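Have a look at coords20.cif; it's mmCIF, C-alpha atoms and all ligand atoms:
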data_target
#
loop_
_atom_site.label_atom_id
_atom_site.label_comp_id
_atom_site.auth_asym_id
_atom_site.auth_seq_id
_atom_site.Cartn_x
_atom_site.Cartn_y
_atom_site.Cartn_z
CA MET A 1 -39.54 -111.83 -112.12
CA LEU A 2 -41.61 -112.11 -108.92
CA PRO A 3 -42.69 -115.30 -107.15
CA ALA A 4 -46.45 -115.65 -107.64
CA ASP A 5 -46.87 -116.55 -103.96
CA SER A 6 -45.82 -113.09 -102.79
CA GLY A 7 -46.04 -110.90 -105.89
CA ILE A 8 -49.80 -110.66 -106.54
CA ALA A 9 -50.39 -107.28 -104.86
CA GLU A 10 -47.53 -105.59 -106.70
CA ALA A 11 -48.50 -107.17 -110.02
CA ALA A 12 -52.14 -106.13 -109.58
CA SER A 13 -51.08 -102.57 -108.93
CA VAL A 14 -48.95 -102.60 -112.09
CA LEU A 15 -52.03 -103.72 -114.05
CA ARG A 16 -54.20 -101.00 -112.51
CA THR A 17 -51.69 -98.34 -113.50
CA GLY A 18 -51.48 -99.38 -117.15
CA GLY A 19 -48.50 -101.77 -117.01
CA LEU A 20 -47.87 -105.21 -118.47
CA VAL A 21 -47.83 -108.33 -116.29
CA ALA A 22 -47.00 -111.83 -117.51
CA PHE A 23 -48.82 -114.39 -115.39
CA PRO A 24 -49.43 -118.14 -115.29
CA THR A 25 -52.74 -119.66 -116.29
CA GLU A 26 -53.61 -123.37 -116.45
CA THR A 27 -52.89 -123.32 -120.21
CA VAL A 28 -49.86 -121.10 -120.96
CA TYR A 29 -48.46 -117.85 -119.55
CA GLY A 30 -50.45 -114.76 -120.56
CA LEU A 31 -49.23 -111.22 -121.18
CA GLY A 32 -51.81 -109.12 -119.36
CA ALA A 33 -52.98 -105.53 -119.38
CA ASN A 34 -56.07 -103.72 -118.13
CA ALA A 35 -58.71 -104.55 -120.78
CA LEU A 36 -60.56 -101.30 -120.08
CA ASP A 37 -57.49 -99.21 -120.94
CA ALA A 38 -56.76 -98.85 -124.68
CA ARG A 39 -53.22 -97.57 -124.10
CA ALA A 40 -52.34 -100.48 -121.84
CA ALA A 41 -53.76 -102.93 -124.40
CA ALA A 42 -51.73 -101.25 -127.14
CA ARG A 43 -48.57 -102.04 -125.18
CA ILE A 44 -49.37 -105.77 -125.50
CA PHE A 45 -49.29 -105.53 -129.29
CA GLU A 46 -45.97 -103.65 -129.14
CA ALA A 47 -44.33 -106.06 -126.71
CA LYS A 48 -45.33 -109.11 -128.75
CA ALA A 49 -44.81 -107.51 -132.16
CA ARG A 50 -48.35 -108.76 -132.68
CA PRO A 51 -50.27 -107.57 -135.74
CA SER A 52 -53.15 -105.30 -134.77
CA PHE A 53 -55.63 -107.60 -136.57
CA ASP A 54 -55.10 -110.36 -133.99
CA PRO A 55 -57.60 -109.81 -131.12
CA LEU A 56 -56.87 -110.54 -127.45
CA ILE A 57 -58.63 -112.78 -124.94
CA THR A 58 -60.12 -111.00 -121.91
CA HIS A 59 -59.72 -112.78 -118.57
CA LEU A 60 -62.21 -112.51 -115.70
CA ALA A 61 -61.80 -113.58 -112.07
CA ASP A 62 -65.28 -115.07 -111.82
CA ALA A 63 -68.01 -116.28 -114.18
CA ALA A 64 -70.42 -113.84 -112.50
CA GLU A 65 -68.33 -110.97 -113.88
CA LEU A 66 -69.37 -111.88 -117.43
CA GLU A 67 -72.92 -110.65 -117.09
CA LYS A 68 -71.75 -107.49 -115.30
CA LEU A 69 -69.41 -106.74 -118.21
CA VAL A 70 -71.49 -107.71 -121.25
CA GLY A 71 -75.07 -108.11 -119.99
CA ALA A 72 -77.10 -111.22 -120.80
CA VAL A 73 -75.43 -113.76 -123.10
CA PRO A 74 -77.08 -116.41 -125.33
CA ALA A 75 -78.22 -119.51 -123.42
CA ALA A 76 -75.73 -121.86 -125.13
CA VAL A 77 -72.85 -119.56 -124.18
CA ALA A 78 -74.05 -119.30 -120.57
CA ALA A 79 -74.38 -123.09 -120.35
CA LEU A 80 -70.77 -123.64 -121.45
CA ALA A 81 -69.48 -120.96 -119.07
CA GLU A 82 -71.44 -122.52 -116.24
CA ARG A 83 -70.03 -125.99 -116.95
CA PHE A 84 -66.41 -125.25 -117.85
CA TRP A 85 -65.33 -122.05 -116.02
CA PRO A 86 -62.87 -121.71 -114.47
CA GLY A 87 -61.17 -123.71 -117.21
CA PRO A 88 -59.42 -123.80 -120.59
CA LEU A 89 -62.43 -122.65 -122.61
CA THR A 90 -62.64 -119.24 -124.32
CA LEU A 91 -66.11 -118.07 -125.34
CA ILE A 92 -67.10 -115.52 -127.96
CA VAL A 93 -69.60 -112.83 -126.87
CA ASP A 94 -70.63 -109.41 -128.16
CA ARG A 95 -68.07 -106.73 -127.30
CA PRO A 96 -69.43 -104.37 -124.65
CA ALA A 97 -68.85 -100.60 -124.94
CA ALA A 98 -66.53 -100.70 -121.89
CA ILE A 99 -63.96 -102.74 -123.82
CA PRO A 100 -62.02 -100.53 -126.25
CA PRO A 101 -61.95 -101.79 -129.86
CA ILE A 102 -58.17 -102.30 -129.84
CA VAL A 103 -58.69 -105.29 -127.52
CA THR A 104 -60.86 -107.03 -130.12
CA SER A 105 -58.98 -105.66 -133.13
CA GLY A 106 -62.12 -103.80 -134.12
CA LEU A 107 -64.32 -106.92 -134.08
CA ALA A 108 -67.87 -106.57 -132.77
CA THR A 109 -67.21 -109.69 -130.72
CA MET A 110 -64.94 -110.38 -127.76
CA ALA A 111 -63.17 -113.55 -126.59
CA VAL A 112 -63.41 -114.11 -122.83
CA ARG A 113 -62.52 -116.76 -120.25
CA VAL A 114 -62.04 -117.47 -116.54
CA PRO A 115 -58.70 -119.27 -116.13
CA ASP A 116 -58.34 -122.21 -113.76
CA ASN A 117 -55.19 -121.09 -111.96
CA ALA A 118 -55.20 -119.73 -108.42
CA TYR A 119 -52.53 -117.10 -109.15
CA ALA A 120 -54.32 -115.86 -112.26
CA LEU A 121 -57.63 -115.63 -110.41
CA ALA A 122 -56.02 -113.81 -107.47
CA LEU A 123 -54.26 -111.38 -109.82
CA VAL A 124 -57.32 -110.54 -111.92
CA GLY A 125 -59.49 -110.35 -108.80
CA GLU A 126 -57.10 -108.03 -107.00
CA ALA A 127 -56.61 -105.85 -110.09
CA GLY A 128 -60.38 -105.37 -110.09
CA VAL A 129 -60.51 -105.00 -113.88
CA PRO A 130 -60.88 -107.46 -116.77
CA VAL A 131 -57.41 -108.43 -118.02
CA ALA A 132 -56.66 -108.73 -121.73
CA ALA A 133 -53.96 -111.34 -122.28
CA PRO A 134 -52.68 -113.24 -125.28
CA SER A 135 -49.97 -115.84 -124.79
CA ALA A 136 -46.77 -114.18 -123.49
CA ASN A 137 -44.56 -114.92 -126.48
CA ARG A 138 -43.49 -112.92 -129.50
CA PHE A 139 -46.02 -113.26 -132.30
CA GLY A 140 -45.86 -116.60 -134.14
CA GLN A 141 -43.40 -118.19 -131.71
CA LEU A 142 -43.79 -120.96 -129.16
CA SER A 143 -46.17 -120.27 -126.30
CA PRO A 144 -44.51 -120.06 -122.87
CA THR A 145 -45.28 -122.72 -120.30
CA ARG A 146 -42.72 -121.45 -117.76
CA ALA A 147 -41.82 -118.00 -116.46
CA GLU A 148 -38.27 -118.45 -117.86
CA HIS A 149 -39.75 -118.82 -121.38
CA VAL A 150 -41.41 -115.42 -120.96
CA VAL A 151 -38.22 -113.77 -119.76
CA ARG A 152 -36.23 -115.33 -122.62
CA GLY A 153 -38.79 -114.30 -125.25
CA LEU A 154 -40.03 -110.90 -124.08
CA GLY A 155 -37.47 -109.81 -121.49
CA GLY A 156 -37.58 -106.10 -120.73
CA ALA A 157 -40.81 -105.49 -122.64
CA VAL A 158 -42.79 -106.73 -119.61
CA ASP A 159 -43.05 -104.80 -116.32
CA VAL A 160 -43.54 -107.87 -114.12
CA VAL A 161 -43.29 -111.61 -114.77
CA LEU A 162 -45.13 -113.58 -112.08
CA ASP A 163 -43.49 -116.98 -111.67
CA GLY A 164 -46.10 -119.56 -110.78
CA GLY A 165 -44.18 -122.61 -112.01
CA PRO A 166 -44.93 -124.69 -115.11
CA THR A 167 -48.49 -124.53 -116.44
CA ARG A 168 -50.75 -127.54 -115.99
CA CYS A 169 -52.29 -127.98 -119.47
CA GLY A 170 -49.40 -126.71 -121.57
CA ILE A 171 -51.45 -125.69 -124.60
CA GLU A 172 -53.89 -122.83 -125.13
CA SER A 173 -57.59 -122.77 -124.39
CA THR A 174 -60.22 -124.09 -126.79
CA ILE A 175 -62.04 -121.15 -128.46
CA VAL A 176 -65.77 -121.66 -129.04
CA ASP A 177 -68.45 -119.49 -130.62
CA ALA A 178 -71.80 -120.75 -129.28
CA ARG A 179 -73.81 -117.60 -129.94
CA GLY A 180 -75.81 -119.37 -132.62
CA GLY A 181 -76.69 -122.36 -130.42
CA ARG A 182 -74.59 -125.18 -131.88
CA PRO A 183 -71.01 -124.52 -130.74
CA VAL A 184 -68.39 -123.80 -133.39
CA VAL A 185 -64.80 -124.55 -132.34
CA LEU A 186 -62.61 -121.77 -133.73
CA ARG A 187 -59.40 -123.12 -132.19
CA LEU A 188 -58.71 -126.61 -130.86
CA GLY A 189 -57.22 -126.44 -127.39
CA ALA A 190 -56.82 -127.85 -123.93
CA LEU A 191 -60.53 -128.59 -123.48
CA PRO A 192 -61.17 -131.62 -125.72
CA VAL A 193 -63.97 -131.51 -128.32
CA GLU A 194 -65.37 -134.67 -126.71
CA ALA A 195 -65.88 -132.82 -123.40
CA LEU A 196 -67.76 -130.03 -125.17
CA GLU A 197 -69.96 -132.53 -126.98
CA GLU A 198 -70.95 -134.23 -123.72
CA VAL A 199 -72.51 -130.97 -122.60
CA ALA A 200 -73.59 -129.31 -125.83
CA GLY A 201 -74.19 -132.14 -128.30
CA PRO A 202 -72.46 -132.19 -131.69
CA VAL A 203 -70.13 -129.28 -132.35
CA THR A 204 -68.60 -127.98 -135.55
CA VAL A 205 -64.81 -127.75 -135.74
CA ARG A 206 -63.81 -124.98 -138.07
CA PRO A 207 -60.25 -125.66 -139.22
CA GLY A 208 -58.35 -122.38 -139.27
CA SER A 209 -57.51 -121.27 -142.75
CA SER A 210 -54.69 -119.02 -143.74
CA GLY A 211 -55.70 -115.64 -145.06
CA GLN A 212 -57.99 -113.41 -143.01
CA PRO A 213 -58.48 -115.55 -139.92
CA VAL A 214 -61.55 -116.12 -137.77
CA ALA A 215 -59.26 -116.80 -134.81
CA PRO A 216 -55.83 -115.63 -135.86
CA GLY A 217 -54.16 -118.10 -133.48
CA THR A 218 -55.26 -120.38 -136.25
CA LEU A 219 -53.01 -118.86 -138.89
CA ALA A 220 -51.43 -121.81 -140.70
CA ALA A 221 -47.96 -120.88 -139.50
CA HIS A 222 -47.91 -120.38 -135.74
CA TYR A 223 -46.45 -121.78 -132.54
CA ALA A 224 -43.12 -122.17 -134.34
CA PRO A 225 -39.71 -122.80 -132.79
CA ARG A 226 -36.76 -121.00 -134.39
CA THR A 227 -35.47 -124.29 -135.79
CA PRO A 228 -37.11 -125.66 -138.98
CA LEU A 229 -39.59 -128.36 -138.03
CA ARG A 230 -41.07 -131.20 -140.06
CA LEU A 231 -43.68 -133.86 -139.41
CA ALA A 232 -42.28 -137.39 -139.37
CA SER A 233 -43.30 -140.95 -138.72
CA GLY A 234 -41.66 -142.75 -135.79
CA GLY A 235 -39.91 -145.37 -137.89
CA GLU A 236 -37.66 -143.36 -140.13
CA PRO A 237 -33.98 -142.95 -139.04
CA PRO A 238 -32.22 -139.60 -139.49
CA ALA A 239 -30.80 -139.01 -142.96
CA ALA A 240 -27.00 -139.35 -143.09
CA ASP A 241 -26.42 -135.94 -144.67
CA GLY A 242 -24.41 -134.31 -141.89
CA VAL A 243 -27.34 -132.24 -140.54
CA ARG A 244 -27.80 -132.65 -136.75
CA ARG A 245 -31.44 -133.42 -136.14
CA GLY A 246 -33.68 -133.53 -133.10
CA PHE A 247 -36.73 -135.76 -132.70
CA LEU A 248 -39.92 -135.09 -130.75
CA ALA A 249 -41.55 -138.46 -130.04
CA PHE A 250 -44.93 -139.27 -128.52
CA ARG A 251 -44.23 -142.35 -126.34
CA ASP A 252 -41.38 -144.43 -127.77
CA ARG A 253 -37.78 -143.32 -128.25
CA PRO A 254 -37.04 -143.39 -131.97
CA ALA A 255 -34.40 -145.73 -133.43
CA GLY A 256 -31.31 -144.15 -134.93
CA ASP A 257 -28.68 -141.63 -134.06
CA TRP A 258 -30.52 -138.37 -133.26
CA ALA A 259 -28.62 -135.38 -131.89
CA ALA A 260 -31.43 -134.77 -129.37
CA VAL A 261 -34.62 -136.60 -128.45
CA GLU A 262 -37.62 -135.51 -126.38
CA VAL A 263 -40.38 -137.97 -125.47
CA LEU A 264 -43.73 -136.34 -124.67
CA SER A 265 -45.16 -139.14 -122.53
CA ALA A 266 -43.49 -142.50 -121.96
CA ALA A 267 -46.82 -143.67 -120.57
CA GLY A 268 -48.60 -142.67 -123.78
CA ASP A 269 -50.80 -140.21 -121.89
CA LEU A 270 -52.16 -137.41 -124.10
CA THR A 271 -52.76 -134.96 -121.25
CA GLU A 272 -49.13 -135.34 -120.19
CA ALA A 273 -48.06 -135.00 -123.83
CA ALA A 274 -49.98 -131.72 -124.18
CA ALA A 275 -48.52 -130.39 -120.94
CA ARG A 276 -44.98 -131.13 -122.16
CA LEU A 277 -45.38 -130.09 -125.82
CA PHE A 278 -44.13 -126.50 -125.83
CA ASP A 279 -41.58 -127.25 -123.11
CA ALA A 280 -40.09 -130.04 -125.22
CA LEU A 281 -40.04 -127.82 -128.32
CA HIS A 282 -38.33 -125.04 -126.33
CA GLU A 283 -35.73 -127.63 -125.21
CA LEU A 284 -35.09 -128.97 -128.72
CA ASP A 285 -34.93 -125.42 -130.07
CA ALA A 286 -32.20 -124.62 -127.52
CA THR A 287 -29.97 -127.56 -128.58
CA GLY A 288 -28.98 -125.81 -131.81
CA VAL A 289 -29.95 -128.73 -134.08
CA GLY A 290 -30.50 -127.92 -137.75
CA GLU A 291 -33.94 -129.49 -137.96
CA ILE A 292 -36.58 -130.90 -135.63
CA LEU A 293 -38.71 -133.87 -136.67
CA VAL A 294 -41.98 -134.32 -134.82
CA GLU A 295 -44.19 -137.36 -134.61
CA PRO A 296 -47.97 -136.75 -134.49
CA VAL A 297 -49.85 -138.16 -131.49
CA PRO A 298 -53.15 -140.11 -131.60
CA GLU A 299 -55.88 -137.86 -133.06
CA VAL A 300 -58.26 -138.09 -130.10
CA GLY A 301 -59.15 -135.86 -127.13
CA VAL A 302 -56.51 -133.23 -126.45
CA GLY A 303 -54.32 -135.08 -129.00
CA ARG A 304 -56.22 -133.21 -131.73
CA ALA A 305 -55.03 -129.89 -130.32
CA VAL A 306 -51.46 -131.21 -129.99
CA ASN A 307 -51.42 -132.31 -133.65
CA ASP A 308 -52.96 -128.98 -134.66
CA ARG A 309 -50.01 -127.18 -132.98
CA LEU A 310 -47.48 -129.55 -134.59
CA ARG A 311 -48.94 -129.03 -138.07
CA ARG A 312 -48.93 -125.26 -137.64
CA ALA A 313 -45.39 -125.28 -136.31
CA ALA A 314 -44.37 -127.23 -139.41
CA ALA A 315 -46.16 -124.89 -141.82
CA THR A 316 -44.10 -122.26 -143.59
CA TRP A 317 -44.96 -118.72 -142.76
CA HIS A 318 -46.58 -116.86 -145.65
CA PRO A 319 -47.38 -113.29 -144.61
CA ALA A 320 -50.97 -112.37 -145.44
CA GLY A 321 -51.52 -110.31 -148.55
O1 LIG B 1 -55.09 -120.35 -123.19
C1 LIG B 1 -55.20 -119.27 -123.74
O2 LIG B 1 -56.16 -118.98 -124.47
C2 LIG B 1 -54.08 -118.24 -123.52
C3 LIG B 1 -54.11 -117.80 -122.08
C4 LIG B 1 -53.11 -116.71 -121.79
O3 LIG B 1 -55.39 -117.41 -121.72
N1 LIG B 1 -54.24 -117.14 -124.41
C5 LIG B 1 -53.98 -117.26 -125.74
O4 LIG B 1 -54.09 -116.12 -126.48
O5 LIG B 1 -53.66 -118.31 -126.24
P1 LIG B 1 -53.55 -116.06 -127.99
O6 LIG B 1 -52.19 -115.50 -128.01
O7 LIG B 1 -53.72 -117.35 -128.69
O8 LIG B 1 -54.53 -115.09 -128.66
C6 LIG B 1 -55.90 -115.13 -128.55
C7 LIG B 1 -56.60 -115.90 -129.62
C8 LIG B 1 -56.20 -115.47 -131.00
O9 LIG B 1 -56.05 -116.57 -131.86
C9 LIG B 1 -57.37 -114.63 -131.43
O10 LIG B 1 -57.55 -114.58 -132.77
C10 LIG B 1 -58.54 -115.32 -130.76
O11 LIG B 1 -58.00 -115.64 -129.51
N2 LIG B 1 -59.63 -114.36 -130.59
C11 LIG B 1 -59.62 -113.28 -129.79
N3 LIG B 1 -60.77 -112.59 -129.94
C12 LIG B 1 -61.50 -113.24 -130.86
C13 LIG B 1 -62.78 -113.01 -131.44
N4 LIG B 1 -63.53 -111.97 -131.11
N5 LIG B 1 -63.22 -113.89 -132.37
C14 LIG B 1 -62.47 -114.97 -132.71
N6 LIG B 1 -61.25 -115.22 -132.19
C15 LIG B 1 -60.77 -114.37 -131.28
MG MG B 2 -50.65 -117.08 -128.89
#

Let me see whether you can do it: turn the structure in this file into structure tokens.
Amino acid sequence: MLPADSGIAEAASVLRTGGLVAFPTETVYGLGANALDARAAARIFEAKARPSFDPLITHLADAAELEKLVGAVPAAVAALAERFWPGPLTLIVDRPAAIPPIVTSGLATMAVRVPDNAYALALVGEAGVPVAAPSANRFGQLSPTRAEHVVRGLGGAVDVVLDGGPTRCGIESTIVDARGGRPVVLRLGALPVEALEEVAGPVTVRPGSSGQPVAPGTLAAHYAPRTPLRLASGGEPPAADGVRRGFLAFRDRPAGDWAAVEVLSAAGDLTEAAARLFDALHELDATGVGEILVEPVPEVGVGRAVNDRLRRAAATWHPAG
């Protein structure tokens, strides 16, 4: 683990020489490799135990790099990049020849974004290459919002973990395909649908389906803690069956005798709730309770993405096929 304040040069050199660097973004920590280097990208899939059908997001240091990498992009895509980059928005573009197919899992399209985090921008800029990075967790598990989460989850599989403190948004970027004009949201995320609609007019939200995924982060079972997790309403007390249970509440502490309680935002603020979501789940997971009950938050703004993560965490994993 290196402090992000002093570790950028070393981390950038690790990226340039084909290594893996975990780094903070404004959303969650990413597990980065040189996106132009197929062997480096392959190491990401190994380290995460990520299925090869789940494509990576490529990170750029500057919106101007997009055109250099892929050429001209459709007007609706350019407009969203112009308005929201750097920021928690991932855009779908055609994959350029310079990006090896392993990065996009063989898709003809590529997911790309410019993160809004000074350390991430410095790292990608200094590396001088586009950086492919999914979230820095093992496949299907909770996304890391702190450097310690990365170390706990991936440990020795990463060459360098840059510690830049807790991430600001706490949940992943919103993924949008605007190539056809009207934006289609492939994954709800830190940029609220309402913010997109202010710029682009009505958008379509495609709920991820299980089976062959459009955006595999949208597999029904995903973002799961190790402990079984179930959706609950705030009012119901824990069953008296001897199982120790934890409760993840939105704003009010639940009544009853819970073994552990995390409140996402005592002020009822959805942005704060999103920022604390994975952190709180990591905490509850570490208490060793037998089950975690989670209370959905209001279904508005970034609350939609929070509920999406809670529902997926509660879903049972059914391997494709
Ligand atoms: O906030 C974020 O997006 C973080 C940080 C590190 O940037 N990254 C992230 O990556 O959350 P992750 O692990 O969720 O994986 C990337 C997601 C996957 O769900 C993948 O399916 C989707 O992006 N994706 C990548 N390329 C795609 C493409 N060409 N078409 C549709 N979805 C794509
Ligand atoms: Mg992920």

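Between atom O1 of ligand LIG 1 (chain B) and CA of Ala313 (chain A) the interatomic distance comes to 17.0 Å.
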
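Residues surrounding region 235-244 of chain A within 12 Å are Thr227, Pro228, Asp252, Arg253, Pro254, Ala255, Gly256, Asp257, Trp258, Ala259, Ala260, Val261, Leu284, Thr287, Gly288, Val289, Gly290, Glu291, Ile292, Leu293, Val294 and Glu295 of chain A [only C-alpha atoms; sequence separation below 6 positions excluded].
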
Please list as a PyMOL selection string every residue within 8 Å of Phe278 (chain A), counting all atoms listed in the file and excluding residues in the same chain fewer than 6 positions away.
chain A and resi 142-145+170-171

What residues of the protein or nucleic acid chains come within 7 Å of ligand LIG 1 (chain B) when you use all atoms listed in the file? Reply as an mmCIF file with C-alpha atoms, keeping the file's coordinate frame.
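Output file selection-v4.cif follows:
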data_model
loop_
_atom_site.group_PDB
_atom_site.id
_atom_site.type_symbol
_atom_site.label_atom_id
_atom_site.label_comp_id
_atom_site.auth_asym_id
_atom_site.auth_seq_id
_atom_site.Cartn_x
_atom_site.Cartn_y
_atom_site.Cartn_z
ATOM 1 C CA THR A 25 -52.740 -119.660 -116.290
ATOM 2 C CA THR A 27 -52.890 -123.320 -120.210
ATOM 3 C CA VAL A 28 -49.860 -121.100 -120.960
ATOM 4 C CA TYR A 29 -48.460 -117.850 -119.550
ATOM 5 C CA GLY A 30 -50.450 -114.760 -120.560
ATOM 6 C CA LEU A 31 -49.230 -111.220 -121.180
ATOM 7 C CA ASP A 54 -55.100 -110.360 -133.990
ATOM 8 C CA PRO A 55 -57.600 -109.810 -131.120
ATOM 9 C CA LEU A 56 -56.870 -110.540 -127.450
ATOM 10 C CA ILE A 57 -58.630 -112.780 -124.940
ATOM 11 C CA PRO A 88 -59.420 -123.800 -120.590
ATOM 12 C CA THR A 90 -62.640 -119.240 -124.320
ATOM 13 C CA ILE A 92 -67.100 -115.520 -127.960
ATOM 14 C CA THR A 104 -60.860 -107.030 -130.120
ATOM 15 C CA LEU A 107 -64.320 -106.920 -134.080
ATOM 16 C CA THR A 109 -67.210 -109.690 -130.720
ATOM 17 C CA MET A 110 -64.940 -110.380 -127.760
ATOM 18 C CA ALA A 111 -63.170 -113.550 -126.590
ATOM 19 C CA PRO A 115 -58.700 -119.270 -116.130
ATOM 20 C CA ALA A 133 -53.960 -111.340 -122.280
ATOM 21 C CA PRO A 134 -52.680 -113.240 -125.280
ATOM 22 C CA SER A 135 -49.970 -115.840 -124.790
ATOM 23 C CA ILE A 171 -51.450 -125.690 -124.600
ATOM 24 C CA GLU A 172 -53.890 -122.830 -125.130
ATOM 25 C CA SER A 173 -57.590 -122.770 -124.390
ATOM 26 C CA THR A 174 -60.220 -124.090 -126.790
ATOM 27 C CA ILE A 175 -62.040 -121.150 -128.460
ATOM 28 C CA LEU A 186 -62.610 -121.770 -133.730
ATOM 29 C CA VAL A 214 -61.550 -116.120 -137.770
ATOM 30 C CA ALA A 215 -59.260 -116.800 -134.810
ATOM 31 C CA PRO A 216 -55.830 -115.630 -135.860
ATOM 32 C CA GLY A 217 -54.160 -118.100 -133.480
ATOM 33 C CA THR A 218 -55.260 -120.380 -136.250
#

For Pro183 (chain A): contacts at 6 Å, only C-alpha atoms, fewer than 3 positions along chain excluded, given as a PyMOL selection string:
chain A and resi 177-178+203

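You will find CA of Val158 (chain A) at 14.2 Å from CA of Ala132 (chain A).
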
Applying 12 Å and only C-alpha atoms, which residues near Ile44 (chain A) remain after dropping the ones on its own chain fewer than 3 positions away? List them as number ranges by chain.
A: 15, 18-22, 30-35, 37-41, 47-52, 54-57, 102-103, 131-139, 154, 157-159

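One distance worth recording is that between CA of Val297 (chain A) and CA of Ala195 (chain A), which is 18.7 Å.
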
Can you pull out the residues contacting Phe84 (chain A)? Cut-off 12 Å, using all atoms listed in the file, and skip same-chain residues under 6 positions away; I want them as an MDAnalysis selection string.
chainID A and resid 62:63 77:78 90:91 113:116 173:174 176 190:192 195:196 198:200

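For the residues A:Gly189, A:Arg146, A:Leu123, A:Gly156, ranking by smallest atom-to-atom distance to Gly87 (chain A) using all atoms listed in the file places A:Gly189 first.
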
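With distances restricted to all atoms listed in the file, A:Gly140 is the closest residue to ligand MG 2 (chain B) from A:Pro130, A:Pro225, A:Gly140, A:Gly125.
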